[in-house]
Amino acid sequence: MTNPSRPRILVVSGSARLDSHVHEMVRIAAETAEAAGAEVQVLRLHELALPVMRNGDSEQNALAAVQTARERASWADGFILVTPEYHGSMSGCLKNWFDFLFDELAGKFAGVLAVTGGGGGDMSITAVKTSFSWCHGFTLPYHAAARGSDFSADGSLHNQSVRDRVRRVAHDVVRYTPPLRAAWEQARSLGQAVAAGVAGTHG
(Lines give C-alpha, C1' and ligand atoms only; values in the text may rest on other atoms or scores of the structure.)
Protein backbone atom coordinates (compact mmCIF):
# COMPACT_ATOMS: atom_id res chain seq x y z
CA MET A 1 0.00 0.00 0.00
CA THR A 2 1.09 3.53 -0.67
CA ASN A 3 1.40 6.43 1.77
CA PRO A 4 -1.61 6.02 4.13
CA SER A 5 -2.04 9.79 4.24
CA ARG A 6 -2.91 9.68 0.53
CA PRO A 7 -4.94 6.52 -0.15
CA ARG A 8 -5.58 5.45 -3.71
CA ILE A 9 -9.31 5.63 -4.46
CA LEU A 10 -10.93 4.25 -7.61
CA VAL A 11 -14.30 5.79 -8.48
CA VAL A 12 -16.23 3.34 -10.65
CA SER A 13 -18.93 4.71 -12.94
CA GLY A 14 -21.35 1.83 -13.33
CA SER A 15 -23.44 3.18 -16.18
CA ALA A 16 -23.51 2.00 -19.79
CA ARG A 17 -25.08 5.30 -20.91
CA LEU A 18 -23.18 8.32 -22.16
CA ASP A 19 -25.83 10.74 -20.85
CA SER A 20 -26.42 9.17 -17.43
CA HIS A 21 -26.80 11.26 -14.26
CA VAL A 22 -24.35 8.76 -12.78
CA HIS A 23 -21.52 10.75 -14.35
CA GLU A 24 -22.39 13.85 -12.30
CA MET A 25 -22.34 11.78 -9.10
CA VAL A 26 -18.97 10.36 -10.15
CA ARG A 27 -17.60 13.84 -10.78
CA ILE A 28 -18.65 15.15 -7.36
CA ALA A 29 -17.35 12.06 -5.56
CA ALA A 30 -14.00 12.10 -7.37
CA GLU A 31 -13.42 15.83 -6.81
CA THR A 32 -14.33 15.50 -3.13
CA ALA A 33 -12.07 12.49 -2.57
CA GLU A 34 -9.16 14.27 -4.22
CA ALA A 35 -9.76 17.41 -2.14
CA ALA A 36 -9.80 15.19 0.96
CA GLY A 37 -6.28 14.05 0.16
CA ALA A 38 -6.71 10.89 -1.90
CA GLU A 39 -5.02 9.93 -5.15
CA VAL A 40 -8.04 9.38 -7.39
CA GLN A 41 -8.70 7.54 -10.62
CA VAL A 42 -12.06 7.19 -12.38
CA LEU A 43 -13.04 4.01 -14.23
CA ARG A 44 -15.94 4.56 -16.64
CA LEU A 45 -17.45 1.21 -17.54
CA HIS A 46 -19.23 2.62 -20.59
CA GLU A 47 -15.79 3.43 -22.00
CA LEU A 48 -14.07 0.23 -20.87
CA ALA A 49 -16.74 -1.96 -22.55
CA LEU A 50 -15.94 -5.19 -20.72
CA PRO A 51 -17.23 -8.33 -22.43
CA VAL A 52 -19.66 -10.53 -20.54
CA MET A 53 -17.48 -12.59 -18.21
CA ARG A 54 -16.78 -16.19 -19.25
CA ASN A 55 -15.20 -17.95 -16.30
CA GLY A 56 -11.92 -19.65 -17.11
CA ASP A 57 -11.65 -18.28 -20.64
CA SER A 58 -7.91 -17.61 -21.08
CA GLU A 59 -8.40 -15.68 -24.32
CA GLN A 60 -10.89 -13.36 -22.65
CA ASN A 61 -8.59 -12.92 -19.65
CA ALA A 62 -5.90 -11.65 -22.02
CA LEU A 63 -8.10 -8.87 -23.42
CA ALA A 64 -6.93 -5.32 -22.71
CA ALA A 65 -10.27 -4.31 -21.15
CA VAL A 66 -10.19 -7.24 -18.71
CA GLN A 67 -6.58 -6.59 -17.76
CA THR A 68 -7.35 -2.90 -17.24
CA ALA A 69 -10.28 -3.70 -14.95
CA ARG A 70 -8.13 -5.97 -12.80
CA GLU A 71 -5.10 -3.68 -12.77
CA ARG A 72 -7.13 -0.63 -11.75
CA ALA A 73 -8.90 -2.59 -8.99
CA SER A 74 -5.55 -3.94 -7.76
CA TRP A 75 -4.13 -0.40 -7.74
CA ALA A 76 -6.90 0.91 -5.48
CA ASP A 77 -6.90 0.90 -1.70
CA GLY A 78 -10.57 1.90 -1.64
CA PHE A 79 -13.53 2.48 -3.94
CA ILE A 80 -16.51 4.69 -4.54
CA LEU A 81 -18.99 2.66 -6.57
CA VAL A 82 -21.75 4.49 -8.44
CA THR A 83 -24.66 2.68 -10.09
CA PRO A 84 -27.98 3.44 -11.71
CA GLU A 85 -30.85 1.38 -10.33
CA TYR A 86 -32.04 -1.08 -12.98
CA HIS A 87 -35.03 -3.30 -12.16
CA GLY A 88 -34.36 -3.14 -8.43
CA SER A 89 -30.65 -3.91 -8.67
CA MET A 90 -27.31 -2.54 -9.84
CA SER A 91 -26.54 -2.08 -13.52
CA GLY A 92 -25.52 -5.10 -15.56
CA CYS A 93 -22.16 -3.58 -16.45
CA LEU A 94 -21.28 -3.03 -12.78
CA LYS A 95 -22.26 -6.60 -11.87
CA ASN A 96 -20.17 -7.82 -14.80
CA TRP A 97 -17.21 -5.79 -13.46
CA PHE A 98 -17.60 -7.57 -10.12
CA ASP A 99 -17.61 -10.94 -11.89
CA PHE A 100 -14.05 -10.39 -13.13
CA LEU A 101 -12.74 -9.59 -9.62
CA PHE A 102 -12.19 -11.19 -6.23
CA ASP A 103 -8.74 -10.88 -4.65
CA GLU A 104 -8.49 -7.38 -6.12
CA LEU A 105 -11.32 -6.24 -3.79
CA ALA A 106 -10.56 -8.31 -0.68
CA GLY A 107 -9.70 -6.34 2.43
CA LYS A 108 -10.59 -3.04 0.82
CA PHE A 109 -13.19 -0.41 1.63
CA ALA A 110 -16.00 1.04 -0.48
CA GLY A 111 -18.72 3.66 -0.40
CA VAL A 112 -21.80 3.27 -2.60
CA LEU A 113 -23.84 5.83 -4.52
CA ALA A 114 -26.91 5.33 -6.71
CA VAL A 115 -29.10 7.15 -9.20
CA THR A 116 -32.71 6.03 -9.36
CA GLY A 117 -35.79 6.64 -11.43
CA GLY A 118 -37.73 7.76 -8.38
CA GLY A 119 -37.16 5.27 -5.58
CA GLY A 120 -34.78 5.48 -2.67
CA GLY A 121 -32.04 3.39 -4.27
CA ASP A 122 -32.04 0.85 -1.44
CA MET A 123 -32.23 -2.20 -3.71
CA SER A 124 -29.35 -1.21 -5.97
CA ILE A 125 -27.20 -0.03 -3.05
CA THR A 126 -27.81 -3.28 -1.17
CA ALA A 127 -26.91 -5.29 -4.29
CA VAL A 128 -23.60 -3.45 -4.68
CA LYS A 129 -22.73 -3.81 -0.99
CA THR A 130 -23.59 -7.52 -1.10
CA SER A 131 -21.33 -8.16 -4.09
CA PHE A 132 -18.48 -6.23 -2.51
CA SER A 133 -18.81 -8.12 0.77
CA TRP A 134 -18.82 -11.47 -1.06
CA CYS A 135 -15.42 -10.43 -2.41
CA HIS A 136 -14.33 -10.06 1.26
CA GLY A 137 -14.45 -6.28 1.11
CA PHE A 138 -15.98 -3.84 3.60
CA THR A 139 -18.54 -1.13 2.87
CA LEU A 140 -19.49 2.14 4.51
CA PRO A 141 -22.82 1.82 6.41
CA TYR A 142 -23.91 5.11 4.88
CA HIS A 143 -24.74 5.89 1.28
CA ALA A 144 -26.40 8.38 -1.05
CA ALA A 145 -29.00 8.12 -3.80
CA ALA A 146 -30.30 10.74 -6.22
CA ARG A 147 -33.55 10.78 -8.18
CA GLY A 148 -33.98 12.30 -11.61
CA SER A 149 -35.75 15.28 -10.06
CA ASP A 150 -32.59 16.08 -8.07
CA PHE A 151 -30.80 17.12 -11.28
CA SER A 152 -31.15 20.31 -13.31
CA ALA A 153 -31.75 20.36 -17.06
CA ASP A 154 -28.01 20.79 -17.63
CA GLY A 155 -27.31 17.59 -15.67
CA SER A 156 -25.97 19.23 -12.51
CA LEU A 157 -27.04 17.90 -9.12
CA HIS A 158 -29.03 20.77 -7.61
CA ASN A 159 -30.37 18.97 -4.52
CA GLN A 160 -27.99 20.23 -1.84
CA SER A 161 -28.96 17.55 0.66
CA VAL A 162 -28.07 14.77 -1.78
CA ARG A 163 -24.91 16.57 -2.83
CA ASP A 164 -23.85 16.79 0.82
CA ARG A 165 -24.46 13.05 1.29
CA VAL A 166 -22.35 12.24 -1.77
CA ARG A 167 -19.53 14.33 -0.38
CA ARG A 168 -19.85 12.75 3.08
CA VAL A 169 -19.48 9.31 1.50
CA ALA A 170 -16.36 10.42 -0.36
CA HIS A 171 -14.80 11.93 2.76
CA ASP A 172 -15.50 8.79 4.78
CA VAL A 173 -14.01 6.49 2.14
CA VAL A 174 -10.81 8.53 2.22
CA ARG A 175 -10.89 8.64 6.04
CA TYR A 176 -11.49 4.94 6.77
CA THR A 177 -9.62 3.25 3.92
CA PRO A 178 -6.09 3.63 5.38
CA PRO A 179 -6.69 2.07 8.84
CA LEU A 180 -8.68 -0.79 7.36
CA ARG A 181 -5.99 -1.55 4.79
CA ALA A 182 -3.33 -1.42 7.49
CA ALA A 183 -5.28 -3.85 9.69
CA TRP A 184 -5.83 -6.21 6.75
CA GLU A 185 -2.15 -6.25 5.80
CA GLN A 186 -1.17 -6.84 9.43
CA ALA A 187 -3.54 -9.82 9.53
CA ARG A 188 -2.16 -11.16 6.25
CA SER A 189 1.33 -11.09 7.76
CA LEU A 190 0.17 -13.90 10.05
CA GLY A 191 -0.12 -16.21 7.05
CA GLN A 192 -2.88 -18.82 6.97
CA ALA A 193 -3.21 -19.03 10.75
CA VAL A 194 -6.74 -18.84 12.15
CA ALA A 195 -5.70 -15.69 13.99
CA ALA A 196 -5.35 -13.99 10.59
CA GLY A 197 -9.10 -14.22 10.15
CA VAL A 198 -10.46 -13.91 6.61
CA ALA A 199 -7.24 -12.20 5.49
CA GLY A 200 -5.50 -15.53 6.02
CA THR A 201 -7.50 -17.03 3.16
CA HIS A 202 -5.86 -14.60 0.72
CA GLY A 203 -2.24 -15.62 0.22
# chains A, B, ... in the order shown; residues from 1 in each chain; ligands from 1
>>> residues_around(residues="Val40 in chain A", least_positions_apart="2", cutoff="12 Å", atoms="only C-alpha atoms", output="ChimeraX atom specification")
/A:6-12,26-27,29-38,42-43,72,75-80,170,173-174
>>> residues_around(residues="Gly148 in chain A", least_positions_apart="5", cutoff="7 Å", atoms="only C-alpha atoms", output="PDB file with all heavy atoms, in the first residue's frame")
ATOM      1  N   THR A 116     -31.493   6.807  -9.177  1.00  0.00           N
ATOM      2  CA  THR A 116     -32.714   6.027  -9.358  1.00  0.00           C
ATOM      3  C   THR A 116     -33.730   6.779 -10.217  1.00  0.00           C
ATOM      4  O   THR A 116     -33.624   7.979 -10.436  1.00  0.00           O
ATOM      5  CB  THR A 116     -33.372   5.717  -8.003  1.00  0.00           C
ATOM      6  OG1 THR A 116     -34.139   6.853  -7.569  1.00  0.00           O
ATOM      7  CG2 THR A 116     -32.341   5.369  -6.951  1.00  0.00           C
ATOM      8  N   GLY A 117     -34.720   6.036 -10.655  1.00  0.00           N
ATOM      9  CA  GLY A 117     -35.791   6.636 -11.429  1.00  0.00           C
ATOM     10  C   GLY A 117     -36.841   7.302 -10.572  1.00  0.00           C
ATOM     11  O   GLY A 117     -37.771   7.920 -11.099  1.00  0.00           O
ATOM     12  N   GLY A 118     -36.746   7.160  -9.275  1.00  0.00           N
ATOM     13  CA  GLY A 118     -37.725   7.763  -8.382  1.00  0.00           C
ATOM     14  C   GLY A 118     -37.774   7.130  -7.011  1.00  0.00           C
ATOM     15  O   GLY A 118     -38.328   7.693  -6.076  1.00  0.00           O
TER      16      GLY A 118
END
>>> closest_residue(among="A:Ala16, A:Met25, A:Ala144, A:Ala73", to="Leu48 in chain A", atoms="only C-alpha atoms")
A:Ala16
>>> closest_residue(among="A:Phe100, A:Glu185, A:Ala196, A:Cys93", to="Gln60 in chain A", atoms="only C-alpha atoms")
A:Phe100
>>> closest_residue(among="A:Ile28, A:Ser133, A:Gly14, A:Ser189", to="Arg163 in chain A", atoms="only C-alpha atoms")
A:Ile28
>>> closest_residue(among="A:His23, A:Ala146, A:Arg70, A:Gln192", to="Phe98 in chain A", atoms="only C-alpha atoms")
A:Arg70
>>> closest_residue(among="A:Ala106, A:Ser149, A:Thr130, A:His143", to="Asp164 in chain A", atoms="only C-alpha atoms")
A:His143
>>> residues_around(residues="range 83-86 of chain A", least_positions_apart="3", cutoff="6 Å", atoms="only C-alpha atoms", output="CSV table (one decimal) with N, CA, C and O atoms, in the first residue's frame")
chain,number,residue,atom,x,y,z
A,14,GLY,N,-20.7,3.1,-12.9
A,14,GLY,CA,-21.3,1.8,-13.3
A,14,GLY,C,-22.5,2.0,-14.3
A,14,GLY,O,-23.5,1.3,-14.2
A,89,SER,N,-32.0,-3.4,-9.0
A,89,SER,CA,-30.7,-3.9,-8.7
A,89,SER,C,-29.6,-2.9,-9.3
A,89,SER,O,-30.0,-1.9,-9.8
A,90,MET,N,-28.4,-3.3,-9.2
A,90,MET,CA,-27.3,-2.5,-9.8
A,90,MET,C,-27.4,-2.7,-11.3
A,90,MET,O,-28.0,-3.6,-11.9
A,91,SER,N,-26.6,-1.9,-12.1
A,91,SER,CA,-26.5,-2.1,-13.5
A,91,SER,C,-25.8,-3.4,-13.9
A,91,SER,O,-25.0,-3.9,-13.1
A,114,ALA,N,-26.0,5.8,-5.7
A,114,ALA,CA,-26.9,5.3,-6.7
A,114,ALA,C,-27.7,6.5,-7.3
A,114,ALA,O,-27.9,7.5,-6.7
A,115,VAL,N,-28.2,6.3,-8.5
A,115,VAL,CA,-29.1,7.1,-9.2
A,115,VAL,C,-30.3,6.3,-9.5
A,115,VAL,O,-30.2,5.2,-10.1
A,116,THR,N,-31.5,6.8,-9.2
A,116,THR,CA,-32.7,6.0,-9.4
A,116,THR,C,-33.7,6.8,-10.2
A,116,THR,O,-33.6,8.0,-10.4
A,124,SER,N,-30.6,-1.2,-5.2
A,124,SER,CA,-29.3,-1.2,-6.0
A,124,SER,C,-28.2,-1.1,-5.0
A,124,SER,O,-27.1,-1.7,-5.2
>>> decode(residues="range 63-74 of chain A", atoms="all heavy atoms", output="short mmCIF file (atom, residue, chain, number, x, y, z; two decimals), in the first residue's frame")
data_model
loop_
_atom_site.label_atom_id
_atom_site.label_comp_id
_atom_site.auth_asym_id
_atom_site.auth_seq_id
_atom_site.Cartn_x
_atom_site.Cartn_y
_atom_site.Cartn_z
N LEU A 63 -7.62 -10.09 -22.78
CA LEU A 63 -8.10 -8.87 -23.42
C LEU A 63 -7.67 -7.63 -22.64
O LEU A 63 -7.64 -7.64 -21.41
CB LEU A 63 -9.62 -8.90 -23.54
CG LEU A 63 -10.22 -9.96 -24.48
CD1 LEU A 63 -11.75 -9.92 -24.40
CD2 LEU A 63 -9.76 -9.74 -25.92
N ALA A 64 -7.39 -6.55 -23.35
CA ALA A 64 -6.93 -5.32 -22.71
C ALA A 64 -7.94 -4.78 -21.71
O ALA A 64 -7.57 -4.32 -20.63
CB ALA A 64 -6.62 -4.27 -23.77
N ALA A 65 -9.23 -4.84 -22.05
CA ALA A 65 -10.27 -4.31 -21.15
C ALA A 65 -10.30 -5.09 -19.84
O ALA A 65 -10.45 -4.50 -18.75
CB ALA A 65 -11.63 -4.36 -21.82
N VAL A 66 -10.16 -6.40 -19.92
CA VAL A 66 -10.19 -7.24 -18.71
C VAL A 66 -8.95 -6.96 -17.86
O VAL A 66 -9.05 -6.81 -16.63
CB VAL A 66 -10.27 -8.73 -19.09
CG1 VAL A 66 -10.15 -9.61 -17.85
CG2 VAL A 66 -11.59 -9.02 -19.83
N GLN A 67 -7.80 -6.88 -18.50
CA GLN A 67 -6.58 -6.59 -17.76
C GLN A 67 -6.63 -5.21 -17.11
O GLN A 67 -6.18 -5.04 -15.97
CB GLN A 67 -5.37 -6.71 -18.68
CG GLN A 67 -5.11 -8.13 -19.16
CD GLN A 67 -3.83 -8.25 -19.96
OE1 GLN A 67 -3.00 -7.35 -19.99
NE2 GLN A 67 -3.67 -9.38 -20.61
N THR A 68 -7.21 -4.24 -17.81
CA THR A 68 -7.35 -2.90 -17.24
C THR A 68 -8.23 -2.92 -16.01
O THR A 68 -7.91 -2.30 -14.98
CB THR A 68 -7.93 -1.94 -18.29
OG1 THR A 68 -6.99 -1.79 -19.36
CG2 THR A 68 -8.22 -0.56 -17.67
N ALA A 69 -9.37 -3.62 -16.09
CA ALA A 69 -10.28 -3.70 -14.95
C ALA A 69 -9.58 -4.28 -13.73
O ALA A 69 -9.72 -3.76 -12.61
CB ALA A 69 -11.50 -4.55 -15.31
N ARG A 70 -8.81 -5.33 -13.93
CA ARG A 70 -8.13 -5.97 -12.80
C ARG A 70 -6.97 -5.13 -12.28
O ARG A 70 -6.74 -5.04 -11.07
CB ARG A 70 -7.66 -7.36 -13.24
CG ARG A 70 -8.83 -8.33 -13.41
CD ARG A 70 -8.43 -9.67 -13.96
NE ARG A 70 -9.55 -10.61 -13.89
CZ ARG A 70 -9.69 -11.67 -14.68
NH1 ARG A 70 -8.77 -11.93 -15.60
NH2 ARG A 70 -10.74 -12.46 -14.56
N GLU A 71 -6.24 -4.51 -13.20
CA GLU A 71 -5.10 -3.68 -12.77
C GLU A 71 -5.56 -2.45 -11.99
O GLU A 71 -4.96 -2.09 -10.97
CB GLU A 71 -4.30 -3.24 -14.00
CG GLU A 71 -3.50 -4.38 -14.64
CD GLU A 71 -2.95 -4.00 -16.00
OE1 GLU A 71 -3.19 -2.85 -16.44
OE2 GLU A 71 -2.30 -4.86 -16.62
N ARG A 72 -6.64 -1.82 -12.45
CA ARG A 72 -7.13 -0.63 -11.75
C ARG A 72 -7.69 -1.00 -10.38
O ARG A 72 -7.52 -0.26 -9.40
CB ARG A 72 -8.20 0.07 -12.60
CG ARG A 72 -7.71 0.54 -13.95
CD ARG A 72 -6.88 1.81 -13.90
NE ARG A 72 -7.69 2.99 -13.69
CZ ARG A 72 -8.37 3.61 -14.65
NH1 ARG A 72 -8.36 3.16 -15.89
NH2 ARG A 72 -9.05 4.71 -14.36
N ALA A 73 -8.38 -2.15 -10.28
CA ALA A 73 -8.90 -2.59 -8.99
C ALA A 73 -7.76 -2.96 -8.05
O ALA A 73 -7.81 -2.68 -6.84
CB ALA A 73 -9.85 -3.77 -9.17
N SER A 74 -6.71 -3.59 -8.58
CA SER A 74 -5.55 -3.94 -7.76
C SER A 74 -4.85 -2.69 -7.26
O SER A 74 -4.34 -2.65 -6.13
CB SER A 74 -4.57 -4.79 -8.56
OG SER A 74 -5.13 -6.05 -8.89
#
